[in-house]
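S.K.: Next comes the structure file protein_19.json, holding JSON, N, CA and C atoms.
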```
[["chain", "number", "residue", "atom", "x", "y", "z"],
["A", 1, "MET", "N", 139.14, 221.05, 71.98],
["A", 1, "MET", "CA", 139.57, 221.18, 70.61],
["A", 1, "MET", "C", 138.60, 221.99, 69.78],
["A", 2, "ARG", "N", 137.33, 221.88, 70.05],
["A", 2, "ARG", "CA", 136.37, 222.62, 69.24],
["A", 2, "ARG", "C", 136.58, 224.13, 69.35],
["A", 3, "ALA", "N", 136.94, 224.58, 70.53],
["A", 3, "ALA", "CA", 137.20, 226.01, 70.69],
["A", 3, "ALA", "C", 138.39, 226.44, 69.85],
["A", 4, "LEU", "N", 139.37, 225.59, 69.75],
["A", 4, "LEU", "CA", 140.55, 225.91, 68.94],
["A", 4, "LEU", "C", 140.16, 226.12, 67.49],
["A", 5, "PHE", "N", 139.33, 225.24, 66.95],
["A", 5, "PHE", "CA", 138.91, 225.38, 65.56],
["A", 5, "PHE", "C", 137.96, 226.55, 65.35],
["A", 6, "SER", "N", 137.13, 226.84, 66.34],
["A", 6, "SER", "CA", 136.15, 227.90, 66.13],
["A", 6, "SER", "C", 136.77, 229.29, 66.22],
["A", 7, "THR", "N", 137.88, 229.42, 66.94],
["A", 7, "THR", "CA", 138.47, 230.75, 67.11],
["A", 7, "THR", "C", 139.65, 231.00, 66.19],
["A", 8, "ARG", "N", 140.20, 229.97, 65.60],
["A", 8, "ARG", "CA", 141.37, 230.13, 64.75],
["A", 8, "ARG", "C", 141.17, 229.37, 63.46],
["A", 9, "SER", "N", 141.86, 229.81, 62.45],
["A", 9, "SER", "CA", 141.74, 229.11, 61.18],
["A", 9, "SER", "C", 142.48, 227.79, 61.23],
["A", 10, "LYS", "N", 142.06, 226.88, 60.37],
["A", 10, "LYS", "CA", 142.70, 225.56, 60.28],
["A", 10, "LYS", "C", 144.18, 225.72, 59.91],
["A", 11, "HIS", "N", 144.49, 226.67, 59.05],
["A", 11, "HIS", "CA", 145.86, 226.91, 58.62],
["A", 11, "HIS", "C", 146.74, 227.25, 59.82],
["A", 12, "ASP", "N", 146.26, 228.10, 60.72],
["A", 12, "ASP", "CA", 147.01, 228.47, 61.93],
["A", 12, "ASP", "C", 147.24, 227.25, 62.81],
["A", 13, "TYR", "N", 146.22, 226.43, 62.94],
["A", 13, "TYR", "CA", 146.31, 225.23, 63.77],
["A", 13, "TYR", "C", 147.40, 224.30, 63.23],
["A", 14, "LEU", "N", 147.43, 224.08, 61.93],
["A", 14, "LEU", "CA", 148.43, 223.21, 61.33],
["A", 14, "LEU", "C", 149.83, 223.81, 61.45],
["A", 15, "ASP", "N", 149.95, 225.11, 61.29],
["A", 15, "ASP", "CA", 151.25, 225.76, 61.48],
["A", 15, "ASP", "C", 151.75, 225.56, 62.90],
["A", 16, "ASP", "N", 150.86, 225.68, 63.87],
["A", 16, "ASP", "CA", 151.24, 225.45, 65.27],
["A", 16, "ASP", "C", 151.69, 224.02, 65.48],
["A", 17, "ALA", "N", 150.98, 223.07, 64.88],
["A", 17, "ALA", "CA", 151.35, 221.66, 65.01],
["A", 17, "ALA", "C", 152.72, 221.41, 64.39],
["A", 18, "LEU", "N", 153.00, 222.05, 63.27],
["A", 18, "LEU", "CA", 154.29, 221.85, 62.61],
["A", 18, "LEU", "C", 155.45, 222.39, 63.43],
["A", 19, "THR", "N", 155.22, 223.39, 64.26],
["A", 19, "THR", "CA", 156.30, 223.91, 65.10],
["A", 19, "THR", "C", 156.76, 222.86, 66.12],
["A", 20, "LEU", "N", 155.91, 221.89, 66.39],
["A", 20, "LEU", "CA", 156.26, 220.82, 67.32],
["A", 20, "LEU", "C", 157.02, 219.69, 66.65],
["A", 21, "LEU", "N", 157.24, 219.80, 65.34],
["A", 21, "LEU", "CA", 157.94, 218.76, 64.58],
["A", 21, "LEU", "C", 159.28, 219.31, 64.09],
["A", 22, "PRO", "N", 160.30, 219.24, 64.92],
["A", 22, "PRO", "CA", 161.61, 219.79, 64.52],
["A", 22, "PRO", "C", 162.16, 219.05, 63.30],
["A", 23, "GLY", "N", 162.77, 219.81, 62.41],
["A", 23, "GLY", "CA", 163.37, 219.21, 61.24],
["A", 23, "GLY", "C", 162.47, 219.19, 60.02],
["A", 24, "TRP", "N", 161.17, 219.35, 60.21],
["A", 24, "TRP", "CA", 160.23, 219.38, 59.09],
["A", 24, "TRP", "C", 160.17, 220.79, 58.54],
["A", 25, "ILE", "N", 160.23, 220.89, 57.23],
["A", 25, "ILE", "CA", 160.22, 222.18, 56.55],
["A", 25, "ILE", "C", 158.98, 222.25, 55.66],
["A", 26, "ARG", "N", 158.27, 223.35, 55.78],
["A", 26, "ARG", "CA", 157.08, 223.54, 54.95],
["A", 26, "ARG", "C", 157.48, 224.20, 53.64],
["A", 27, "GLU", "N", 157.00, 223.61, 52.55],
["A", 27, "GLU", "CA", 157.20, 224.17, 51.21],
["A", 27, "GLU", "C", 155.83, 224.26, 50.55],
["A", 28, "GLY", "N", 155.20, 225.40, 50.66],
["A", 28, "GLY", "CA", 153.86, 225.54, 50.11],
["A", 28, "GLY", "C", 152.89, 224.64, 50.85],
["A", 29, "GLU", "N", 152.30, 223.70, 50.12],
["A", 29, "GLU", "CA", 151.33, 222.78, 50.72],
["A", 29, "GLU", "C", 151.93, 221.40, 50.97],
["A", 30, "GLN", "N", 153.26, 221.35, 51.06],
["A", 30, "GLN", "CA", 153.95, 220.11, 51.39],
["A", 30, "GLN", "C", 154.90, 220.36, 52.55],
["A", 31, "ILE", "N", 155.24, 219.28, 53.24],
["A", 31, "ILE", "CA", 156.28, 219.35, 54.26],
["A", 31, "ILE", "C", 157.30, 218.27, 53.93],
["A", 32, "ARG", "N", 158.56, 218.55, 54.30],
["A", 32, "ARG", "CA", 159.61, 217.58, 53.99],
["A", 32, "ARG", "C", 160.59, 217.48, 55.14],
["A", 33, "ARG", "N", 161.30, 216.35, 55.14],
["A", 33, "ARG", "CA", 162.30, 216.09, 56.18],
["A", 33, "ARG", "C", 163.41, 215.27, 55.56],
["A", 34, "THR", "N", 164.65, 215.57, 55.90],
["A", 34, "THR", "CA", 165.79, 214.79, 55.46],
["A", 34, "THR", "C", 166.45, 214.19, 56.69],
["A", 35, "LEU", "N", 166.66, 212.88, 56.65],
["A", 35, "LEU", "CA", 167.24, 212.15, 57.77],
["A", 35, "LEU", "C", 168.55, 211.51, 57.33],
["A", 36, "VAL", "N", 169.55, 211.57, 58.17],
["A", 36, "VAL", "CA", 170.82, 210.90, 57.89],
["A", 36, "VAL", "C", 170.80, 209.59, 58.68],
["A", 37, "ILE", "N", 170.54, 208.49, 57.96],
["A", 37, "ILE", "CA", 170.46, 207.16, 58.56],
["A", 37, "ILE", "C", 171.10, 206.16, 57.61],
["A", 38, "ASP", "N", 171.45, 204.99, 58.15],
["A", 38, "ASP", "CA", 172.08, 203.97, 57.32],
["A", 38, "ASP", "C", 171.01, 203.16, 56.58],
["A", 39, "ASP", "N", 171.46, 202.24, 55.74],
["A", 39, "ASP", "CA", 170.53, 201.48, 54.90],
["A", 39, "ASP", "C", 169.57, 200.61, 55.71],
["A", 40, "SER", "N", 170.05, 199.98, 56.76],
["A", 40, "SER", "CA", 169.15, 199.13, 57.56],
["A", 40, "SER", "C", 168.12, 199.97, 58.31],
["A", 41, "GLN", "N", 168.53, 201.14, 58.80],
["A", 41, "GLN", "CA", 167.58, 202.03, 59.45],
["A", 41, "GLN", "C", 166.56, 202.55, 58.45],
["A", 42, "HIS", "N", 167.02, 202.84, 57.23],
["A", 42, "HIS", "CA", 166.10, 203.30, 56.18],
["A", 42, "HIS", "C", 165.04, 202.23, 55.90],
["A", 43, "ALA", "N", 165.47, 200.98, 55.78],
["A", 43, "ALA", "CA", 164.52, 199.89, 55.51],
["A", 43, "ALA", "C", 163.51, 199.75, 56.64],
["A", 44, "ALA", "N", 163.99, 199.81, 57.88],
["A", 44, "ALA", "CA", 163.08, 199.69, 59.03],
["A", 44, "ALA", "C", 162.12, 200.87, 59.09],
["A", 45, "LEU", "N", 162.63, 202.06, 58.84],
["A", 45, "LEU", "CA", 161.79, 203.26, 58.84],
["A", 45, "LEU", "C", 160.72, 203.18, 57.76],
["A", 46, "THR", "N", 161.12, 202.78, 56.58],
["A", 46, "THR", "CA", 160.18, 202.68, 55.45],
["A", 46, "THR", "C", 159.04, 201.72, 55.78],
["A", 47, "GLU", "N", 159.36, 200.59, 56.38],
["A", 47, "GLU", "CA", 158.32, 199.62, 56.75],
["A", 47, "GLU", "C", 157.35, 200.19, 57.76],
["A", 48, "ARG", "N", 157.87, 200.87, 58.76],
["A", 48, "ARG", "CA", 157.01, 201.48, 59.79],
["A", 48, "ARG", "C", 156.13, 202.58, 59.20],
["A", 49, "VAL", "N", 156.72, 203.39, 58.34],
["A", 49, "VAL", "CA", 155.95, 204.48, 57.72],
["A", 49, "VAL", "C", 154.85, 203.90, 56.83],
["A", 50, "LYS", "N", 155.14, 202.83, 56.13],
["A", 50, "LYS", "CA", 154.13, 202.22, 55.26],
["A", 50, "LYS", "C", 152.90, 201.79, 56.05],
["A", 51, "VAL", "N", 153.11, 201.20, 57.22],
["A", 51, "VAL", "CA", 151.99, 200.76, 58.05],
["A", 51, "VAL", "C", 151.11, 201.94, 58.46],
["A", 52, "VAL", "N", 151.75, 203.00, 58.95],
["A", 52, "VAL", "CA", 151.00, 204.18, 59.39],
["A", 52, "VAL", "C", 150.33, 204.87, 58.20],
["A", 53, "ALA", "N", 151.05, 205.03, 57.10],
["A", 53, "ALA", "CA", 150.50, 205.70, 55.92],
["A", 53, "ALA", "C", 149.30, 204.94, 55.38],
["A", 54, "ASP", "N", 149.38, 203.62, 55.36],
["A", 54, "ASP", "CA", 148.24, 202.82, 54.90],
["A", 54, "ASP", "C", 147.02, 203.03, 55.80],
["A", 55, "ALA", "N", 147.25, 203.09, 57.10],
["A", 55, "ALA", "CA", 146.14, 203.30, 58.04],
["A", 55, "ALA", "C", 145.50, 204.68, 57.84],
["A", 56, "LEU", "N", 146.31, 205.67, 57.45],
["A", 56, "LEU", "CA", 145.79, 207.03, 57.25],
["A", 56, "LEU", "C", 145.37, 207.29, 55.80],
["A", 57, "HIS", "N", 145.56, 206.29, 54.94],
["A", 57, "HIS", "CA", 145.24, 206.42, 53.51],
["A", 57, "HIS", "C", 146.02, 207.57, 52.86],
["A", 58, "LEU", "N", 147.32, 207.63, 53.19],
["A", 58, "LEU", "CA", 148.19, 208.66, 52.65],
["A", 58, "LEU", "C", 149.40, 208.01, 51.98],
["A", 59, "ARG", "N", 150.03, 208.74, 51.09],
["A", 59, "ARG", "CA", 151.20, 208.23, 50.37],
["A", 59, "ARG", "C", 152.34, 209.25, 50.43],
["A", 60, "PRO", "N", 153.21, 209.12, 51.43],
["A", 60, "PRO", "CA", 154.37, 210.01, 51.45],
["A", 60, "PRO", "C", 155.37, 209.58, 50.38],
["A", 61, "GLU", "N", 156.19, 210.51, 49.96],
["A", 61, "GLU", "CA", 157.28, 210.18, 49.04],
["A", 61, "GLU", "C", 158.52, 209.95, 49.89],
["A", 62, "ILE", "N", 159.12, 208.77, 49.74],
["A", 62, "ILE", "CA", 160.34, 208.46, 50.48],
["A", 62, "ILE", "C", 161.40, 208.07, 49.47],
["A", 63, "SER", "N", 162.53, 208.75, 49.53],
["A", 63, "SER", "CA", 163.62, 208.43, 48.60],
["A", 63, "SER", "C", 164.93, 208.33, 49.37],
["A", 64, "ARG", "N", 165.87, 207.63, 48.77],
["A", 64, "ARG", "CA", 167.17, 207.39, 49.39],
["A", 64, "ARG", "C", 168.26, 207.85, 48.45],
["A", 65, "ARG", "N", 169.19, 208.62, 48.95],
["A", 65, "ARG", "CA", 170.34, 209.07, 48.17],
["A", 65, "ARG", "C", 171.54, 209.15, 49.11],
["A", 66, "ALA", "N", 172.57, 208.38, 48.78],
["A", 66, "ALA", "CA", 173.77, 208.29, 49.62],
["A", 66, "ALA", "C", 173.35, 207.87, 51.04],
["A", 67, "ASP", "N", 173.65, 208.67, 52.03],
["A", 67, "ASP", "CA", 173.29, 208.33, 53.41],
["A", 67, "ASP", "C", 172.08, 209.11, 53.90],
["A", 68, "GLN", "N", 171.31, 209.66, 52.98],
["A", 68, "GLN", "CA", 170.15, 210.48, 53.36],
["A", 68, "GLN", "C", 168.84, 209.85, 52.90],
["A", 69, "THR", "N", 167.86, 209.90, 53.79],
["A", 69, "THR", "CA", 166.50, 209.51, 53.46],
["A", 69, "THR", "C", 165.68, 210.78, 53.41],
["A", 70, "ARG", "N", 165.02, 211.00, 52.29],
["A", 70, "ARG", "CA", 164.20, 212.21, 52.12],
["A", 70, "ARG", "C", 162.73, 211.81, 52.12],
["A", 71, "ILE", "N", 161.96, 212.54, 52.91],
["A", 71, "ILE", "CA", 160.53, 212.25, 53.03],
["A", 71, "ILE", "C", 159.76, 213.52, 52.71],
["A", 72, "ARG", "N", 158.74, 213.37, 51.89],
["A", 72, "ARG", "CA", 157.87, 214.49, 51.53],
["A", 72, "ARG", "C", 156.42, 214.04, 51.76],
["A", 73, "VAL", "N", 155.67, 214.89, 52.45],
["A", 73, "VAL", "CA", 154.27, 214.61, 52.75],
["A", 73, "VAL", "C", 153.43, 215.76, 52.20],
["A", 74, "GLY", "N", 152.33, 215.43, 51.55],
["A", 74, "GLY", "CA", 151.44, 216.43, 50.97],
["A", 74, "GLY", "C", 151.43, 216.32, 49.46],
["A", 75, "HIS", "N", 150.45, 216.92, 48.86],
["A", 75, "HIS", "CA", 150.28, 216.81, 47.40],
["A", 75, "HIS", "C", 150.83, 218.01, 46.65],
["A", 76, "GLY", "N", 150.93, 219.13, 47.29],
["A", 76, "GLY", "CA", 151.42, 220.32, 46.61],
["A", 76, "GLY", "C", 150.33, 221.11, 45.92],
["A", 77, "ASN", "N", 149.28, 220.43, 45.50],
["A", 77, "ASN", "CA", 148.19, 221.13, 44.82],
["A", 77, "ASN", "C", 146.93, 221.20, 45.69],
["A", 78, "ALA", "N", 146.99, 220.63, 46.89],
["A", 78, "ALA", "CA", 145.85, 220.67, 47.82],
["A", 78, "ALA", "C", 146.39, 221.10, 49.18],
["A", 79, "PRO", "N", 145.57, 221.78, 49.96],
["A", 79, "PRO", "CA", 146.02, 222.22, 51.29],
["A", 79, "PRO", "C", 146.47, 221.05, 52.16],
["A", 80, "LEU", "N", 147.46, 221.30, 52.98],
["A", 80, "LEU", "CA", 147.96, 220.31, 53.93],
["A", 80, "LEU", "C", 146.83, 219.95, 54.89],
["A", 81, "THR", "N", 146.71, 218.68, 55.23],
["A", 81, "THR", "CA", 145.62, 218.23, 56.09],
["A", 81, "THR", "C", 146.13, 217.83, 57.47],
["A", 82, "GLU", "N", 145.19, 217.67, 58.39],
["A", 82, "GLU", "CA", 145.54, 217.20, 59.73],
["A", 82, "GLU", "C", 146.17, 215.83, 59.65],
["A", 83, "GLY", "N", 145.67, 214.97, 58.77],
["A", 83, "GLY", "CA", 146.22, 213.63, 58.61],
["A", 83, "GLY", "C", 147.66, 213.64, 58.16],
["A", 84, "GLU", "N", 148.00, 214.58, 57.28],
["A", 84, "GLU", "CA", 149.38, 214.67, 56.81],
["A", 84, "GLU", "C", 150.33, 215.14, 57.91],
["A", 85, "VAL", "N", 149.86, 216.05, 58.75],
["A", 85, "VAL", "CA", 150.67, 216.49, 59.89],
["A", 85, "VAL", "C", 150.78, 215.35, 60.90],
["A", 86, "LEU", "N", 149.71, 214.60, 61.10],
["A", 86, "LEU", "CA", 149.75, 213.44, 61.98],
["A", 86, "LEU", "C", 150.75, 212.41, 61.44],
["A", 87, "LEU", "N", 150.75, 212.18, 60.14],
["A", 87, "LEU", "CA", 151.70, 211.26, 59.54],
["A", 87, "LEU", "C", 153.14, 211.71, 59.81],
["A", 88, "ALA", "N", 153.41, 212.99, 59.68],
["A", 88, "ALA", "CA", 154.75, 213.50, 59.97],
["A", 88, "ALA", "C", 155.14, 213.22, 61.41],
["A", 89, "ALA", "N", 154.20, 213.38, 62.34],
["A", 89, "ALA", "CA", 154.48, 213.10, 63.75],
["A", 89, "ALA", "C", 154.77, 211.62, 63.95],
["A", 90, "ARG", "N", 154.03, 210.76, 63.27],
["A", 90, "ARG", "CA", 154.27, 209.31, 63.38],
["A", 90, "ARG", "C", 155.60, 208.92, 62.74],
["A", 91, "ILE", "N", 155.98, 209.62, 61.67],
["A", 91, "ILE", "CA", 157.28, 209.37, 61.06],
["A", 91, "ILE", "C", 158.39, 209.71, 62.05],
["A", 92, "GLU", "N", 158.21, 210.80, 62.79],
["A", 92, "GLU", "CA", 159.19, 211.16, 63.82],
["A", 92, "GLU", "C", 159.29, 210.06, 64.88],
["A", 93, "ASP", "N", 158.15, 209.51, 65.29],
["A", 93, "ASP", "CA", 158.16, 208.41, 66.25],
["A", 93, "ASP", "C", 158.92, 207.21, 65.69],
["A", 94, "ALA", "N", 158.67, 206.87, 64.43],
["A", 94, "ALA", "CA", 159.35, 205.76, 63.79],
["A", 94, "ALA", "C", 160.84, 206.02, 63.67],
["A", 95, "TYR", "N", 161.21, 207.23, 63.35],
["A", 95, "TYR", "CA", 162.62, 207.62, 63.24],
["A", 95, "TYR", "C", 163.33, 207.40, 64.58],
["A", 96, "ARG", "N", 162.71, 207.87, 65.64],
["A", 96, "ARG", "CA", 163.31, 207.67, 66.97],
["A", 96, "ARG", "C", 163.44, 206.17, 67.31],
["A", 97, "ALA", "N", 162.44, 205.41, 66.94],
["A", 97, "ALA", "CA", 162.46, 203.97, 67.24],
["A", 97, "ALA", "C", 163.57, 203.24, 66.50],
["A", 98, "VAL", "N", 163.83, 203.60, 65.26],
["A", 98, "VAL", "CA", 164.85, 202.88, 64.48],
["A", 98, "VAL", "C", 166.27, 203.39, 64.73],
["A", 99, "THR", "N", 166.40, 204.55, 65.36],
["A", 99, "THR", "CA", 167.75, 205.08, 65.59],
["A", 99, "THR", "C", 168.20, 204.95, 67.04],
["A", 100, "GLN", "N", 167.32, 204.54, 67.93],
["A", 100, "GLN", "CA", 167.72, 204.35, 69.32],
["A", 100, "GLN", "C", 168.46, 203.03, 69.45],
["A", 101, "PRO", "N", 169.54, 203.03, 70.22],
["A", 101, "PRO", "CA", 170.33, 201.79, 70.39],
["A", 101, "PRO", "C", 169.60, 200.75, 71.18]]
```
Starting from the coordinates I provided, produce the structure as structure tokens.

M.R.:
Amino acid sequence: MRALFSTRSKHDYLDDALTLLPGWIREGEQIRRTLVIDDSQHAALTERVKVVADALHLRPEISRRADQTRIRVGHGNAPLTEGEVLLAARIEDAYRAVTQP
């Protein structure tokens, strides 16, 4: 990993990591994802995300409208961090867990 950081910028590394997260869209210094899930899946997802976010000391924005759950990670006024990309990956794990039969 040290070679990766020494030869490439942090911004490039995070962009590469984001390519591994399908469905996440970068908007400046934030990333967002919209999920189509039902109310019970939303509740389960929110609980799982809260546990991970607390451990990482991050606060994603999670909102619900109709059958969509919208998640936004990042502050918008500060560069995206490794922790925020890690949180997005953990959100994907939680999403898979709550939607699998």

S.K.: Please provide as a PyMOL selection string all residues within 6.5 Å of A:Ile37, with the sequence filter that same-chain residues fewer than 5 positions apart are discarded (counting only N, CA and C atoms).

M.R.: chain A and resi 42+67-69

S.K.: With only N, CA and C atoms as the counted atoms, please give the residues lying no more than 8 Å from A:Glu84, apart from itself and same-chain residues fewer than 3 positions off, as a PyMOL selection string.

M.R.: chain A and resi 31+56+58+73-74+80-81+87-90

S.K.: Going by DSSP on the backbone, which residues of chain A come out as strand (DSSP E or B)? List them as a list in words.

M.R.: Ile25, Arg26, Glu27, Gln30, Ile31, Arg32, Arg33, Thr34, Leu35, Val36, Glu61, Ile62, Ser63, Arg64, Arg65, Gln68, Thr69, Arg70, Ile71, Arg72 and Val73 of chain A

S.K.: Mind writing the picked residues with N, CA and C atoms as a compact mmCIF listing (two decimals), in the frame of the given file?

M.R.:
```
# COMPACT_ATOMS: atom_id res chain seq x y z
N ILE A 25 160.23 220.89 57.23
CA ILE A 25 160.22 222.18 56.55
C ILE A 25 158.98 222.25 55.66
N ARG A 26 158.27 223.35 55.78
CA ARG A 26 157.08 223.54 54.95
C ARG A 26 157.48 224.20 53.64
N GLU A 27 157.00 223.61 52.55
CA GLU A 27 157.20 224.17 51.21
C GLU A 27 155.83 224.26 50.55
N GLN A 30 153.26 221.35 51.06
CA GLN A 30 153.95 220.11 51.39
C GLN A 30 154.90 220.36 52.55
N ILE A 31 155.24 219.28 53.24
CA ILE A 31 156.28 219.35 54.26
C ILE A 31 157.30 218.27 53.93
N ARG A 32 158.56 218.55 54.30
CA ARG A 32 159.61 217.58 53.99
C ARG A 32 160.59 217.48 55.14
N ARG A 33 161.30 216.35 55.14
CA ARG A 33 162.30 216.09 56.18
C ARG A 33 163.41 215.27 55.56
N THR A 34 164.65 215.57 55.90
CA THR A 34 165.79 214.79 55.46
C THR A 34 166.45 214.19 56.69
N LEU A 35 166.66 212.88 56.65
CA LEU A 35 167.24 212.15 57.77
C LEU A 35 168.55 211.51 57.33
N VAL A 36 169.55 211.57 58.17
CA VAL A 36 170.82 210.90 57.89
C VAL A 36 170.80 209.59 58.68
N GLU A 61 156.19 210.51 49.96
CA GLU A 61 157.28 210.18 49.04
C GLU A 61 158.52 209.95 49.89
N ILE A 62 159.12 208.77 49.74
CA ILE A 62 160.34 208.46 50.48
C ILE A 62 161.40 208.07 49.47
N SER A 63 162.53 208.75 49.53
CA SER A 63 163.62 208.43 48.60
C SER A 63 164.93 208.33 49.37
N ARG A 64 165.87 207.63 48.77
CA ARG A 64 167.17 207.39 49.39
C ARG A 64 168.26 207.85 48.45
N ARG A 65 169.19 208.62 48.95
CA ARG A 65 170.34 209.07 48.17
C ARG A 65 171.54 209.15 49.11
N GLN A 68 171.31 209.66 52.98
CA GLN A 68 170.15 210.48 53.36
C GLN A 68 168.84 209.85 52.90
N THR A 69 167.86 209.90 53.79
CA THR A 69 166.50 209.51 53.46
C THR A 69 165.68 210.78 53.41
N ARG A 70 165.02 211.00 52.29
CA ARG A 70 164.20 212.21 52.12
C ARG A 70 162.73 211.81 52.12
N ILE A 71 161.96 212.54 52.91
CA ILE A 71 160.53 212.25 53.03
C ILE A 71 159.76 213.52 52.71
N ARG A 72 158.74 213.37 51.89
CA ARG A 72 157.87 214.49 51.53
C ARG A 72 156.42 214.04 51.76
N VAL A 73 155.67 214.89 52.45
CA VAL A 73 154.27 214.61 52.75
C VAL A 73 153.43 215.76 52.20
```

S.K.: Counting only C-alpha atoms, what is within 9 Å of A:Ala94, bar same-chain residues fewer than 3 positions away, as a ChimeraX atom specification?

M.R.: /A:44-46,48-49,89-91,97-99

S.K.: Any idea what's packed within 8 Å of A:Ala66, counting all atoms listed in the file, ignoring anything in its chain fewer than 5 positions away? Could you give it as a short mmCIF file (atom, residue, chain, number, x, y, z; two decimals) with N, CA and C atoms, in the coordinates of the input?

M.R.:
```
data_model
loop_
_atom_site.label_atom_id
_atom_site.label_comp_id
_atom_site.auth_asym_id
_atom_site.auth_seq_id
_atom_site.Cartn_x
_atom_site.Cartn_y
_atom_site.Cartn_z
N VAL A 36 169.55 211.57 58.17
CA VAL A 36 170.82 210.90 57.89
C VAL A 36 170.80 209.59 58.68
N ILE A 37 170.54 208.49 57.96
CA ILE A 37 170.46 207.16 58.56
C ILE A 37 171.10 206.16 57.61
N ASP A 38 171.45 204.99 58.15
CA ASP A 38 172.08 203.97 57.32
C ASP A 38 171.01 203.16 56.58
N ASP A 39 171.46 202.24 55.74
CA ASP A 39 170.53 201.48 54.90
C ASP A 39 169.57 200.61 55.71
#
```

S.K.: Taking the DSSP assignment computed from this structure's backbone, write out as a PyMOL selection string all residues of chain A that belong to alpha helix (DSSP H).

M.R.: chain A and resi 2-7+10-19+39-56+82-99

S.K.: With distances taken over all atoms listed in the file, which residue among A:Glu82, A:Tyr95, A:Leu20, A:Arg70 lies nearest A:Leu35?

M.R.: A:Arg70

S.K.: Around stretch 86-95 of chain A, fit a box with edges along x, y and z, padding it by 8 Å on each side, then list its centre and edge lengths in Å to one decimal as AutoDock Vina command-line options.

M.R.:
```
--center_x 156.5 --center_y 210.2 --center_z 62.9 --size_x 29.6 --size_y 24.8 --size_z 22.7
```
